[in-house]
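The data block below is upload07.txt; it holds compact mmCIF, C-alpha atoms.
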```
# COMPACT_ATOMS: atom_id res chain seq x y z
CA MET O 685 107.93 20.52 -38.48
CA GLN O 686 108.43 22.93 -41.33
CA ARG O 687 112.11 22.14 -41.11
CA THR O 688 111.55 18.61 -42.30
CA HIS O 689 109.61 19.98 -45.22
CA PHE O 690 112.41 22.31 -46.18
CA GLU O 691 115.27 19.91 -45.62
CA GLU O 692 114.44 18.29 -48.91
CA ALA O 693 113.47 21.48 -50.67
CA ALA O 694 114.73 21.98 -54.19
CA CYS O 695 116.62 25.03 -53.04
CA SER O 696 120.10 25.42 -51.62
CA VAL O 697 119.08 28.55 -49.74
CA ALA O 698 116.44 26.58 -47.82
CA ARG O 699 118.78 23.67 -47.21
CA THR O 700 121.49 25.96 -45.88
CA LEU O 701 119.08 27.87 -43.64
CA ASN O 702 117.90 24.57 -42.31
CA LEU O 703 121.39 24.15 -40.86
CA ILE O 704 122.44 27.67 -39.99
CA GLY O 705 119.18 29.65 -40.02
CA GLU O 706 118.42 29.13 -36.35
CA TRP O 707 118.70 32.52 -34.74
CA TRP O 708 121.84 31.88 -32.69
CA THR O 709 123.82 29.79 -35.13
CA PRO O 710 125.21 32.54 -37.37
CA LEU O 711 126.31 34.43 -34.26
CA ILE O 712 128.02 31.33 -32.89
CA LEU O 713 129.80 30.93 -36.23
CA ARG O 714 130.74 34.60 -36.20
CA ASP O 715 132.32 34.17 -32.78
CA ILE O 716 134.22 31.08 -33.88
CA PHE O 717 135.42 32.97 -36.97
CA TYR O 718 136.63 35.66 -34.55
CA GLY O 719 138.59 33.05 -32.61
CA VAL O 720 136.20 32.45 -29.70
CA ARG O 721 136.29 28.67 -29.65
CA ARG O 722 135.66 27.44 -26.13
CA PHE O 723 132.29 26.66 -24.65
CA ASP O 724 132.49 28.99 -21.66
CA ALA O 725 133.93 31.84 -23.73
CA LEU O 726 131.16 31.45 -26.31
CA ARG O 727 128.49 31.24 -23.64
CA GLU O 728 129.63 34.33 -21.85
CA HIS O 729 130.34 36.41 -24.92
CA LEU O 730 127.02 35.58 -26.57
CA GLY O 731 124.98 35.78 -23.38
CA ILE O 732 123.36 32.50 -24.37
CA SER O 733 122.10 29.69 -22.17
CA ARG O 734 124.20 26.58 -21.69
CA LYS O 735 121.36 24.49 -23.03
CA VAL O 736 120.85 26.43 -26.26
CA LEU O 737 124.59 26.66 -26.91
CA THR O 738 125.03 22.91 -26.36
CA ASN O 739 122.16 22.24 -28.70
CA ARG O 740 123.36 24.53 -31.50
CA LEU O 741 126.99 23.37 -31.27
CA GLY O 742 125.71 19.80 -31.40
CA VAL O 743 123.94 20.48 -34.69
CA LEU O 744 127.05 22.15 -36.10
CA VAL O 745 129.21 19.17 -35.07
CA GLU O 746 126.67 16.68 -36.43
CA HIS O 747 126.73 18.40 -39.81
CA GLU O 748 130.52 18.73 -39.77
CA ILE O 749 130.57 22.50 -39.81
CA VAL O 750 132.65 22.53 -36.63
CA LYS O 751 134.61 19.79 -34.92
CA LYS O 752 135.27 19.24 -31.23
CA VAL O 753 138.96 19.17 -30.42
CA LEU O 754 140.37 18.18 -27.04
CA TYR O 755 142.59 20.89 -25.62
CA GLN O 756 142.90 19.68 -22.02
CA GLU O 757 143.12 16.15 -20.69
CA ASN O 758 142.19 16.41 -17.04
CA PRO O 759 139.44 17.33 -16.80
CA LYS O 760 138.68 16.86 -20.47
CA ARG O 761 137.96 20.16 -22.21
CA TYR O 762 137.11 20.73 -25.85
CA GLU O 763 137.19 23.61 -28.21
CA TYR O 764 135.25 24.06 -31.42
CA GLN O 765 137.15 24.47 -34.66
CA LEU O 766 135.76 25.15 -38.10
CA THR O 767 136.05 22.37 -40.63
CA GLU O 768 136.69 23.22 -44.30
CA ARG O 769 132.92 23.09 -44.78
CA GLY O 770 132.51 25.54 -41.91
CA GLN O 771 135.29 27.86 -43.08
CA GLU O 772 133.50 28.17 -46.39
CA LEU O 773 130.53 29.75 -44.62
CA PHE O 774 132.72 32.79 -44.06
CA PRO O 775 131.33 34.61 -47.16
CA VAL O 776 127.80 34.28 -45.73
CA ILE O 777 128.87 36.00 -42.50
CA VAL O 778 130.84 38.64 -44.42
CA THR O 779 127.93 39.53 -46.74
CA LEU O 780 125.59 39.79 -43.74
CA MET O 781 128.10 42.03 -41.98
CA ASN O 782 128.73 44.17 -45.03
CA TRP O 783 125.03 44.81 -45.58
CA GLY O 784 124.53 45.75 -41.93
CA ASP O 785 127.58 48.03 -42.01
CA LYS O 786 126.04 49.93 -44.89
CA TRP O 787 122.34 49.92 -44.08
CA LEU O 788 122.08 49.57 -40.32
CA ALA O 789 124.89 51.90 -39.29
CA ASP O 790 123.93 54.13 -36.42
CA GLY O 791 126.15 57.00 -37.40
CA ALA O 792 129.16 55.44 -35.74
CA GLY O 793 130.38 53.45 -38.73
CA SER O 794 131.29 49.77 -38.79
CA PRO O 795 131.68 48.18 -35.36
CA VAL O 796 134.33 45.82 -36.75
CA VAL O 797 136.42 46.09 -39.91
CA LEU O 798 137.98 43.29 -41.91
CA LEU O 799 141.67 43.47 -42.76
CA ASP O 800 143.73 41.51 -45.23
CA ARG O 801 145.87 39.39 -42.92
CA GLU O 802 148.90 39.75 -45.18
CA THR O 803 148.83 43.43 -46.05
CA GLY O 804 146.86 44.78 -43.09
CA GLN O 805 144.72 46.79 -45.50
CA PRO O 806 140.97 47.15 -44.88
CA ILE O 807 138.84 44.93 -47.08
CA GLN O 808 135.68 46.02 -48.83
CA PRO O 809 133.86 42.81 -49.82
CA LYS O 810 132.44 42.44 -53.31
CA LEU O 811 130.68 39.44 -54.80
CA VAL O 812 131.80 38.77 -58.36
CA ALA O 813 131.50 36.11 -61.01
CA ALA O 814 134.65 34.00 -60.78
CA ASP O 815 135.12 33.88 -64.57
CA SER O 816 134.40 37.42 -65.66
CA GLY O 817 135.18 39.26 -62.44
CA ARG O 818 131.96 41.23 -62.93
CA GLU O 819 130.02 42.19 -59.82
CA ILE O 820 126.98 40.01 -59.08
CA THR O 821 123.91 42.20 -58.70
CA TYR O 822 120.20 41.52 -58.50
CA GLU O 823 119.67 43.31 -61.81
CA GLY O 824 122.41 41.50 -63.66
CA VAL O 825 121.45 37.92 -62.87
CA THR O 826 118.77 35.53 -64.01
CA VAL O 827 118.13 31.92 -63.00
CA GLU O 828 117.41 28.64 -64.71
CA LEU O 829 116.78 25.05 -63.73
CA GLY O 830 120.01 23.39 -62.68
CA ASN O 831 118.98 19.75 -62.84
CA GLU O 832 116.06 17.79 -64.26
CA LYS O 833 115.49 16.15 -60.88
CA TYR O 834 114.06 19.48 -59.74
CA ALA O 835 111.85 20.05 -62.78
CA ALA O 836 108.63 19.83 -60.74
CA ALA O 837 109.80 22.43 -58.21
CA TRP O 838 111.03 24.59 -61.07
CA GLU O 839 107.63 24.40 -62.74
CA GLN O 840 105.96 25.56 -59.51
CA LEU O 841 108.32 28.50 -59.37
CA GLN O 842 107.49 29.41 -62.98
CA GLN O 843 103.80 29.37 -62.11
CA ALA O 844 104.34 31.63 -59.12
CA ARG O 845 106.39 34.02 -61.27
CA ALA O 846 103.73 33.97 -63.98
CA ILE O 847 101.02 34.96 -61.49
CA SER O 848 103.20 37.89 -60.43
CA ASN O 849 103.47 39.07 -64.03
CA ARG O 850 99.81 38.68 -64.94
CA LYS O 851 98.07 41.86 -65.98
CA MET O 852 94.82 42.45 -64.15
CA MET E 647 113.20 39.40 -26.02
CA GLN E 648 116.68 38.50 -27.13
CA ARG E 649 115.95 40.42 -30.31
CA THR E 650 115.82 43.69 -28.41
CA HIS E 651 119.15 42.89 -26.86
CA PHE E 652 120.72 42.22 -30.24
CA GLU E 653 119.20 45.14 -32.09
CA GLU E 654 121.74 47.40 -30.51
CA ALA E 655 124.58 44.93 -30.59
CA ALA E 656 127.95 46.17 -31.69
CA CYS E 657 127.85 43.80 -34.63
CA SER E 658 126.43 44.20 -38.11
CA VAL E 659 125.85 40.46 -38.41
CA ALA E 660 123.52 40.54 -35.39
CA ARG E 661 121.77 43.68 -36.57
CA THR E 662 121.17 42.21 -40.00
CA LEU E 663 119.92 38.91 -38.61
CA ASN E 664 117.58 40.87 -36.42
CA LEU E 665 115.84 41.97 -39.62
CA ILE E 666 116.22 38.99 -41.91
CA GLY E 667 117.16 36.12 -39.59
CA GLU E 668 113.60 35.01 -38.95
CA TRP E 669 113.30 31.58 -40.53
CA TRP E 670 110.96 32.52 -43.38
CA THR E 671 112.37 35.90 -44.29
CA PRO E 672 115.35 34.81 -46.40
CA LEU E 673 113.05 32.47 -48.33
CA ILE E 674 110.55 35.27 -48.92
CA LEU E 675 113.41 37.43 -50.19
CA ARG E 676 114.64 34.58 -52.37
CA ASP E 677 111.19 34.30 -53.95
CA ILE E 678 110.99 38.05 -54.54
CA PHE E 679 114.48 37.93 -56.09
CA TYR E 680 113.10 35.17 -58.35
CA GLY E 681 110.24 37.43 -59.42
CA VAL E 682 107.48 36.08 -57.17
CA ARG E 683 106.08 39.37 -55.92
CA ARG E 684 102.40 38.96 -55.15
CA PHE E 685 100.95 37.90 -51.84
CA ASP E 686 98.99 34.89 -53.06
CA ALA E 687 101.83 33.68 -55.27
CA LEU E 688 104.27 33.93 -52.35
CA ARG E 689 101.87 32.23 -49.99
CA GLU E 690 101.23 29.32 -52.29
CA HIS E 691 104.81 28.88 -53.47
CA LEU E 692 106.24 29.01 -49.96
CA GLY E 693 103.47 26.96 -48.36
CA ILE E 694 103.32 29.56 -45.59
CA SER E 695 100.34 30.78 -43.59
CA ARG E 696 98.65 34.05 -44.50
CA LYS E 697 99.35 35.33 -41.00
CA VAL E 698 103.07 34.61 -40.98
CA LEU E 699 103.54 35.97 -44.50
CA THR E 700 101.66 39.18 -43.63
CA ASN E 701 103.79 39.56 -40.54
CA ARG E 702 107.13 38.98 -42.28
CA LEU E 703 106.27 41.21 -45.25
CA GLY E 704 105.20 43.89 -42.78
CA VAL E 705 108.62 43.83 -41.14
CA LEU E 706 110.33 44.01 -44.54
CA VAL E 707 108.19 46.99 -45.56
CA GLU E 708 108.72 48.71 -42.22
CA HIS E 709 112.48 48.43 -42.63
CA GLU E 710 112.34 49.50 -46.28
CA ILE E 711 113.71 46.27 -47.67
CA VAL E 712 110.62 45.85 -49.85
CA LYS E 713 107.93 48.33 -50.82
CA LYS E 714 104.24 47.72 -51.52
CA VAL E 715 103.25 48.82 -55.00
CA LEU E 716 99.66 49.00 -56.22
CA TYR E 717 99.18 46.93 -59.38
CA GLN E 718 95.37 46.82 -59.47
CA GLU E 719 92.85 49.48 -58.52
CA ASN E 720 89.58 47.64 -58.01
CA PRO E 721 89.86 45.74 -55.80
CA LYS E 722 93.17 47.22 -54.63
CA ARG E 723 96.00 44.73 -55.02
CA TYR E 724 99.65 45.20 -54.16
CA GLU E 725 102.88 43.56 -55.07
CA TYR E 726 106.15 43.61 -53.19
CA GLN E 727 109.20 45.07 -54.88
CA LEU E 728 112.73 45.21 -53.57
CA THR E 729 114.09 48.62 -52.66
CA GLU E 730 117.76 49.41 -53.30
CA ARG E 731 118.40 48.36 -49.72
CA GLY E 732 116.62 45.07 -50.42
CA GLN E 733 118.36 44.45 -53.73
CA GLU E 734 121.68 44.73 -51.94
CA LEU E 735 120.78 41.69 -49.85
CA PHE E 736 121.20 39.63 -53.01
CA PRO E 737 124.82 38.67 -52.15
CA VAL E 738 123.60 37.18 -48.84
CA ILE E 739 121.13 34.95 -50.68
CA VAL E 740 123.73 34.04 -53.32
CA THR E 741 126.39 33.06 -50.77
CA LEU E 742 123.84 30.93 -48.87
CA MET E 743 122.84 29.26 -52.14
CA ASN E 744 126.41 28.73 -53.26
CA TRP E 745 127.39 27.04 -50.02
CA GLY E 746 124.34 24.78 -50.15
CA ASP E 747 125.04 23.90 -53.79
CA LYS E 748 128.49 22.74 -52.80
CA TRP E 749 127.98 21.15 -49.40
CA LEU E 750 124.36 20.02 -49.31
CA ALA E 751 124.07 18.65 -52.83
CA ASP E 752 122.23 15.37 -52.93
CA GLY E 753 124.05 14.03 -55.95
CA ALA E 754 121.73 15.85 -58.33
CA GLY E 755 123.75 19.05 -58.53
CA SER E 756 122.43 22.58 -58.07
CA PRO E 757 118.63 22.88 -58.14
CA VAL E 758 118.92 26.35 -59.66
CA VAL E 759 121.81 27.98 -61.49
CA LEU E 760 122.59 31.67 -61.81
CA LEU E 761 123.20 33.13 -65.24
CA ASP E 762 124.67 36.44 -66.29
CA ARG E 763 121.64 38.21 -67.69
CA GLU E 764 123.65 39.80 -70.48
CA THR E 765 125.78 36.90 -71.69
CA GLY E 766 123.63 33.97 -70.55
CA GLN E 767 126.73 32.34 -69.09
CA PRO E 768 126.54 30.46 -65.76
CA ILE E 769 127.94 32.41 -62.83
CA GLN E 770 130.16 30.96 -60.14
CA PRO E 771 130.06 33.43 -57.23
CA LYS E 772 133.26 34.49 -55.51
CA LEU E 773 133.70 36.97 -52.70
CA VAL E 774 136.70 39.21 -53.26
CA ALA E 775 138.23 42.35 -51.85
CA ALA E 776 137.06 45.21 -54.05
CA ASP E 777 140.51 46.85 -54.17
CA SER E 778 142.84 43.92 -54.68
CA GLY E 779 140.44 41.45 -56.30
CA ARG E 780 141.82 38.78 -53.95
CA GLU E 781 139.39 36.16 -52.71
CA ILE E 782 138.13 36.69 -49.16
CA THR E 783 138.74 33.58 -47.09
CA TYR E 784 138.56 32.75 -43.41
CA GLU E 785 142.33 32.18 -43.31
CA GLY E 786 143.20 35.40 -45.10
CA VAL E 787 141.26 37.86 -43.00
CA THR E 788 141.65 39.38 -39.58
CA VAL E 789 139.46 41.91 -37.77
CA GLU E 790 139.93 45.09 -35.81
CA LEU E 791 137.78 47.62 -33.99
CA GLY E 792 136.00 49.83 -36.50
CA ASN E 793 134.94 52.67 -34.24
CA GLU E 794 135.76 53.83 -30.73
CA LYS E 795 132.07 53.84 -29.86
CA TYR E 796 132.27 50.05 -29.79
CA ALA E 797 135.44 49.85 -27.72
CA ALA E 798 133.66 48.16 -24.79
CA ALA E 799 132.16 45.44 -26.99
CA TRP E 800 135.52 45.02 -28.69
CA GLU E 801 137.22 44.57 -25.33
CA GLN E 802 134.74 41.83 -24.41
CA LEU E 803 135.51 40.07 -27.68
CA GLN E 804 139.25 40.27 -26.95
CA GLN E 805 138.66 38.68 -23.56
CA ALA E 806 136.64 35.86 -25.09
CA ARG E 807 139.36 35.29 -27.69
CA ALA E 808 142.05 35.34 -25.00
CA ILE E 809 140.24 32.64 -23.01
CA SER E 810 140.17 30.53 -26.15
CA ASN E 811 143.92 30.86 -26.57
CA ARG E 812 144.83 30.22 -22.96
CA LYS E 813 147.07 27.24 -22.39
CA MET E 814 145.79 24.91 -19.66
```

Kindly present the structure from the file in structure tokens form.
Amino acid sequence: MQRTHFEEAACSVARTLNLIGEWWTPLILRDIFYGVRRFDALREHLGISRKVLTNRLGVLVEHEIVKKVLYQENPKRYEYQLTERGQELFPVIVTLMNWGDKWLADGAGSPVVLLDRETGQPIQPKLVAADSGREITYEGVTVELGNEKYAAAWEQLQQARAISNRKM
Amino acid sequence: MQRTHFEEAACSVARTLNLIGEWWTPLILRDIFYGVRRFDALREHLGISRKVLTNRLGVLVEHEIVKKVLYQENPKRYEYQLTERGQELFPVIVTLMNWGDKWLADGAGSPVVLLDRETGQPIQPKLVAADSGREITYEGVTVELGNEKYAAAWEQLQQARAISNRKM
């Protein structure tokens, strides 16, 4: 029920989570990014039930994050490929992975490393501003209203921030 | 129950989701990034129950993503501040937001825009390789085993990938 509420939220984080925030979905996307694209391979590798996997893939297809592509005629078999929209979720998976590599390491380092496909060199991800090339950090960024349509939601946020800055 | 299974998974995406993948948690972090730091302000702005918010904040404190800081003595009142570990989740929130801004816009553009705090200029986020400065894309990246400890999990992934490449 809360999902419906958030689907129209004045926030792209909430909207995106509404699609990919379900527990299994980012792991399904991770596997597809890794090249695991067939139903049975996904099911076995994730240790997920047929029902849940069918459901989550259905949502991803419905929202055009992945597409079903026939790879065998008889019997008909499909694999799941990322659309452009889906491919562009890669930075979300990479930033999740990078944070876990740093903060949830168990003394054995990164389970998986990313390599530049062309040079073969390991990649250390860094989020920067496209224009300036400067790293995007919590301390270095502020926010403002993007569009007047969301002025009411913005005002609510300002009130919540104001409460948090009130001296007692 | 599945959480326990994934906590020890050979994957930093799964480990990270285990902490912050709960539906509300990324939105709580978003609000704290926005400067909404007090319990009542969070509760009201998120429209979340006292019980769920207490629970989710407790997990974040336990895992040192946020810390409770006393801001009033009598009665005692606390606010929630991001630790360094928590601040470094900012790129995850930004990449979620950026994708939603692009792909889930409703014709009214971005609800919220990010600004460089120093220059006041809008920021367009871009994930790059720290060394080369080249953009990290799905097409441009490949993966390999990061540590021998995870060789068994890596082998399972190779099998799942192989199934997906098998010609029928």

Can you tell me which residues surround Lys751 (chain O) at a distance of at most 9 Å, considering only C-alpha atoms, apart from same-chain residues fewer than 3 positions away, and format the answer as number ranges by chain? O: 744-746, 748, 763-767

So, with only C-alpha atoms as the atoms that count, which of E:Leu675, E:Val787, E:Ala655, E:Ala799 lies closest to chain O?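 Smallest separation from chain O among the options: E:Val787.
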
Excluding same-chain residues fewer than 2 positions from Ile847 (chain O), what lies within 8 Å of it counting all atoms listed in the file, as a VMD selection string? (chain O and resid 843 to 845 849 to 850) or (chain E and resid 682 684 687)

What would you get as an mmCIF file with C-alpha atoms, keeping the file's coordinate frame if chain O were moved onto chain E by least squares over all of its C-alpha atoms in order?
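Written out: selection.cif:
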```
data_model
loop_
_atom_site.group_PDB
_atom_site.id
_atom_site.type_symbol
_atom_site.label_atom_id
_atom_site.label_comp_id
_atom_site.auth_asym_id
_atom_site.auth_seq_id
_atom_site.Cartn_x
_atom_site.Cartn_y
_atom_site.Cartn_z
ATOM 1 C CA MET O 685 113.202 39.442 -25.965
ATOM 2 C CA GLN O 686 116.685 38.546 -27.081
ATOM 3 C CA ARG O 687 115.965 40.462 -30.247
ATOM 4 C CA THR O 688 115.854 43.736 -28.388
ATOM 5 C CA HIS O 689 119.187 42.895 -26.856
ATOM 6 C CA PHE O 690 120.733 42.219 -30.224
ATOM 7 C CA GLU O 691 119.175 45.114 -32.078
ATOM 8 C CA GLU O 692 121.719 47.385 -30.494
ATOM 9 C CA ALA O 693 124.557 44.905 -30.595
ATOM 10 C CA ALA O 694 127.936 46.169 -31.694
ATOM 11 C CA CYS O 695 127.829 43.798 -34.621
ATOM 12 C CA SER O 696 126.423 44.198 -38.105
ATOM 13 C CA VAL O 697 125.849 40.462 -38.400
ATOM 14 C CA ALA O 698 123.525 40.544 -35.377
ATOM 15 C CA ARG O 699 121.772 43.678 -36.570
ATOM 16 C CA THR O 700 121.175 42.192 -40.004
ATOM 17 C CA LEU O 701 119.919 38.888 -38.596
ATOM 18 C CA ASN O 702 117.580 40.850 -36.421
ATOM 19 C CA LEU O 703 115.856 41.942 -39.629
ATOM 20 C CA ILE O 704 116.231 38.965 -41.919
ATOM 21 C CA GLY O 705 117.171 36.102 -39.581
ATOM 22 C CA GLU O 706 113.613 34.981 -38.951
ATOM 23 C CA TRP O 707 113.300 31.579 -40.530
ATOM 24 C CA TRP O 708 110.961 32.525 -43.377
ATOM 25 C CA THR O 709 112.367 35.902 -44.307
ATOM 26 C CA PRO O 710 115.345 34.813 -46.417
ATOM 27 C CA LEU O 711 113.048 32.469 -48.336
ATOM 28 C CA ILE O 712 110.559 35.273 -48.929
ATOM 29 C CA LEU O 713 113.417 37.437 -50.207
ATOM 30 C CA ARG O 714 114.635 34.588 -52.387
ATOM 31 C CA ASP O 715 111.193 34.311 -53.953
ATOM 32 C CA ILE O 716 110.998 38.049 -54.549
ATOM 33 C CA PHE O 717 114.475 37.937 -56.116
ATOM 34 C CA TYR O 718 113.099 35.185 -58.372
ATOM 35 C CA GLY O 719 110.237 37.453 -59.413
ATOM 36 C CA VAL O 720 107.462 36.089 -57.181
ATOM 37 C CA ARG O 721 106.065 39.371 -55.927
ATOM 38 C CA ARG O 722 102.385 38.963 -55.156
ATOM 39 C CA PHE O 723 100.942 37.912 -51.844
ATOM 40 C CA ASP O 724 98.971 34.909 -53.072
ATOM 41 C CA ALA O 725 101.824 33.692 -55.277
ATOM 42 C CA LEU O 726 104.267 33.956 -52.371
ATOM 43 C CA ARG O 727 101.873 32.240 -49.999
ATOM 44 C CA GLU O 728 101.231 29.341 -52.286
ATOM 45 C CA HIS O 729 104.788 28.883 -53.466
ATOM 46 C CA LEU O 730 106.243 29.003 -49.958
ATOM 47 C CA GLY O 731 103.469 26.972 -48.356
ATOM 48 C CA ILE O 732 103.328 29.582 -45.611
ATOM 49 C CA SER O 733 100.357 30.783 -43.598
ATOM 50 C CA ARG O 734 98.669 34.050 -44.487
ATOM 51 C CA LYS O 735 99.355 35.320 -41.002
ATOM 52 C CA VAL O 736 103.090 34.605 -40.983
ATOM 53 C CA LEU O 737 103.540 35.969 -44.504
ATOM 54 C CA THR O 738 101.664 39.173 -43.623
ATOM 55 C CA ASN O 739 103.790 39.559 -40.542
ATOM 56 C CA ARG O 740 107.139 38.999 -42.272
ATOM 57 C CA LEU O 741 106.281 41.214 -45.261
ATOM 58 C CA GLY O 742 105.213 43.890 -42.792
ATOM 59 C CA VAL O 743 108.635 43.838 -41.147
ATOM 60 C CA LEU O 744 110.346 44.002 -44.538
ATOM 61 C CA VAL O 745 108.188 46.983 -45.568
ATOM 62 C CA GLU O 746 108.731 48.712 -42.219
ATOM 63 C CA HIS O 747 112.491 48.444 -42.643
ATOM 64 C CA GLU O 748 112.330 49.495 -46.296
ATOM 65 C CA ILE O 749 113.706 46.268 -47.677
ATOM 66 C CA VAL O 750 110.619 45.856 -49.855
ATOM 67 C CA LYS O 751 107.925 48.317 -50.833
ATOM 68 C CA LYS O 752 104.247 47.721 -51.517
ATOM 69 C CA VAL O 753 103.232 48.809 -54.991
ATOM 70 C CA LEU O 754 99.638 48.969 -56.196
ATOM 71 C CA TYR O 755 99.137 46.914 -59.329
ATOM 72 C CA GLN O 756 95.331 46.795 -59.447
ATOM 73 C CA GLU O 757 92.820 49.454 -58.495
ATOM 74 C CA ASN O 758 89.569 47.605 -57.983
ATOM 75 C CA PRO O 759 89.848 45.744 -55.763
ATOM 76 C CA LYS O 760 93.150 47.180 -54.624
ATOM 77 C CA ARG O 761 95.993 44.687 -54.999
ATOM 78 C CA TYR O 762 99.644 45.181 -54.147
ATOM 79 C CA GLU O 763 102.864 43.556 -55.074
ATOM 80 C CA TYR O 764 106.141 43.613 -53.195
ATOM 81 C CA GLN O 765 109.186 45.084 -54.879
ATOM 82 C CA LEU O 766 112.724 45.220 -53.578
ATOM 83 C CA THR O 767 114.075 48.623 -52.680
ATOM 84 C CA GLU O 768 117.759 49.417 -53.315
ATOM 85 C CA ARG O 769 118.400 48.356 -49.720
ATOM 86 C CA GLY O 770 116.622 45.075 -50.413
ATOM 87 C CA GLN O 771 118.362 44.474 -53.744
ATOM 88 C CA GLU O 772 121.672 44.741 -51.947
ATOM 89 C CA LEU O 773 120.773 41.690 -49.866
ATOM 90 C CA PHE O 774 121.194 39.643 -53.027
ATOM 91 C CA PRO O 775 124.820 38.673 -52.154
ATOM 92 C CA VAL O 776 123.594 37.194 -48.849
ATOM 93 C CA ILE O 777 121.127 34.944 -50.688
ATOM 94 C CA VAL O 778 123.731 34.043 -53.324
ATOM 95 C CA THR O 779 126.396 33.059 -50.760
ATOM 96 C CA LEU O 780 123.840 30.938 -48.886
ATOM 97 C CA MET O 781 122.837 29.272 -52.147
ATOM 98 C CA ASN O 782 126.402 28.727 -53.275
ATOM 99 C CA TRP O 783 127.378 27.050 -50.013
ATOM 100 C CA GLY O 784 124.342 24.766 -50.142
ATOM 101 C CA ASP O 785 125.033 23.910 -53.789
ATOM 102 C CA LYS O 786 128.493 22.739 -52.820
ATOM 103 C CA TRP O 787 127.970 21.142 -49.426
ATOM 104 C CA LEU O 788 124.356 20.020 -49.329
ATOM 105 C CA ALA O 789 124.046 18.641 -52.849
ATOM 106 C CA ASP O 790 122.225 15.354 -52.951
ATOM 107 C CA GLY O 791 124.019 14.011 -55.969
ATOM 108 C CA ALA O 792 121.724 15.844 -58.340
ATOM 109 C CA GLY O 793 123.726 19.059 -58.557
ATOM 110 C CA SER O 794 122.414 22.586 -58.096
ATOM 111 C CA PRO O 795 118.626 22.884 -58.141
ATOM 112 C CA VAL O 796 118.913 26.361 -59.675
ATOM 113 C CA VAL O 797 121.822 27.992 -61.492
ATOM 114 C CA LEU O 798 122.591 31.678 -61.809
ATOM 115 C CA LEU O 799 123.213 33.138 -65.252
ATOM 116 C CA ASP O 800 124.687 36.442 -66.300
ATOM 117 C CA ARG O 801 121.642 38.219 -67.708
ATOM 118 C CA GLU O 802 123.685 39.788 -70.498
ATOM 119 C CA THR O 803 125.810 36.890 -71.676
ATOM 120 C CA GLY O 804 123.656 33.972 -70.531
ATOM 121 C CA GLN O 805 126.755 32.325 -69.076
ATOM 122 C CA PRO O 806 126.544 30.458 -65.753
ATOM 123 C CA ILE O 807 127.940 32.398 -62.822
ATOM 124 C CA GLN O 808 130.161 30.950 -60.137
ATOM 125 C CA PRO O 809 130.057 33.428 -57.231
ATOM 126 C CA LYS O 810 133.270 34.478 -55.525
ATOM 127 C CA LEU O 811 133.704 36.973 -52.713
ATOM 128 C CA VAL O 812 136.713 39.213 -53.264
ATOM 129 C CA ALA O 813 138.256 42.345 -51.851
ATOM 130 C CA ALA O 814 137.090 45.210 -54.055
ATOM 131 C CA ASP O 815 140.551 46.824 -54.179
ATOM 132 C CA SER O 816 142.873 43.893 -54.685
ATOM 133 C CA GLY O 817 140.476 41.439 -56.296
ATOM 134 C CA ARG O 818 141.839 38.762 -53.958
ATOM 135 C CA GLU O 819 139.405 36.139 -52.713
ATOM 136 C CA ILE O 820 138.133 36.679 -49.159
ATOM 137 C CA THR O 821 138.753 33.557 -47.101
ATOM 138 C CA TYR O 822 138.561 32.752 -43.416
ATOM 139 C CA GLU O 823 142.318 32.188 -43.320
ATOM 140 C CA GLY O 824 143.224 35.385 -45.099
ATOM 141 C CA VAL O 825 141.274 37.858 -42.991
ATOM 142 C CA THR O 826 141.657 39.374 -39.563
ATOM 143 C CA VAL O 827 139.472 41.909 -37.758
ATOM 144 C CA GLU O 828 139.944 45.094 -35.800
ATOM 145 C CA LEU O 829 137.793 47.626 -34.010
ATOM 146 C CA GLY O 830 136.018 49.840 -36.507
ATOM 147 C CA ASN O 831 134.937 52.677 -34.244
ATOM 148 C CA GLU O 832 135.749 53.834 -30.725
ATOM 149 C CA LYS O 833 132.050 53.851 -29.854
ATOM 150 C CA TYR O 834 132.264 50.059 -29.785
ATOM 151 C CA ALA O 835 135.442 49.856 -27.708
ATOM 152 C CA ALA O 836 133.666 48.176 -24.775
ATOM 153 C CA ALA O 837 132.158 45.448 -26.970
ATOM 154 C CA TRP O 838 135.515 45.032 -28.677
ATOM 155 C CA GLU O 839 137.221 44.577 -25.321
ATOM 156 C CA GLN O 840 134.729 41.834 -24.407
ATOM 157 C CA LEU O 841 135.494 40.084 -27.660
ATOM 158 C CA GLN O 842 139.237 40.281 -26.950
ATOM 159 C CA GLN O 843 138.646 38.692 -23.559
ATOM 160 C CA ALA O 844 136.629 35.871 -25.078
ATOM 161 C CA ARG O 845 139.353 35.297 -27.683
ATOM 162 C CA ALA O 846 142.032 35.353 -24.991
ATOM 163 C CA ILE O 847 140.235 32.649 -22.995
ATOM 164 C CA SER O 848 140.151 30.517 -26.142
ATOM 165 C CA ASN O 849 143.910 30.869 -26.554
ATOM 166 C CA ARG O 850 144.852 30.224 -22.939
ATOM 167 C CA LYS O 851 147.065 27.223 -22.370
ATOM 168 C CA MET O 852 145.775 24.907 -19.681
#
```

Go ahead and fit an axis-aligned box to every listed atom of region 814-823 of chain O plus 3 Å each side, and pass me the centre and edge lengths in Å, one decimal, as AutoDock Vina command-line options.
```
--center_x 127.4 --center_y 38.6 --center_z -62.1 --size_x 21.5 --size_y 15.4 --size_z 13.2
```

Residue among O:Gly824, O:Gly731, O:Gly804, O:Pro809 lying closest to Gln802 (chain E), counting all atoms listed in the file: O:Gly731

In Å, how far is it from CA of Ile674 (chain E) to CA of Val712 (chain E)?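 So the two atoms, CA of Ile674 (chain E) and CA of Val712 (chain E), lie 10.6 Å apart.
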
Between CA of Thr738 (chain O) and CA of Ala798 (chain E), measure the distance and give it in Å to one decimal. 26.7 Å

Point-to-point distance in Å for CA of Thr671 (chain E) and CA of Tyr724 (chain E): 18.6 Å
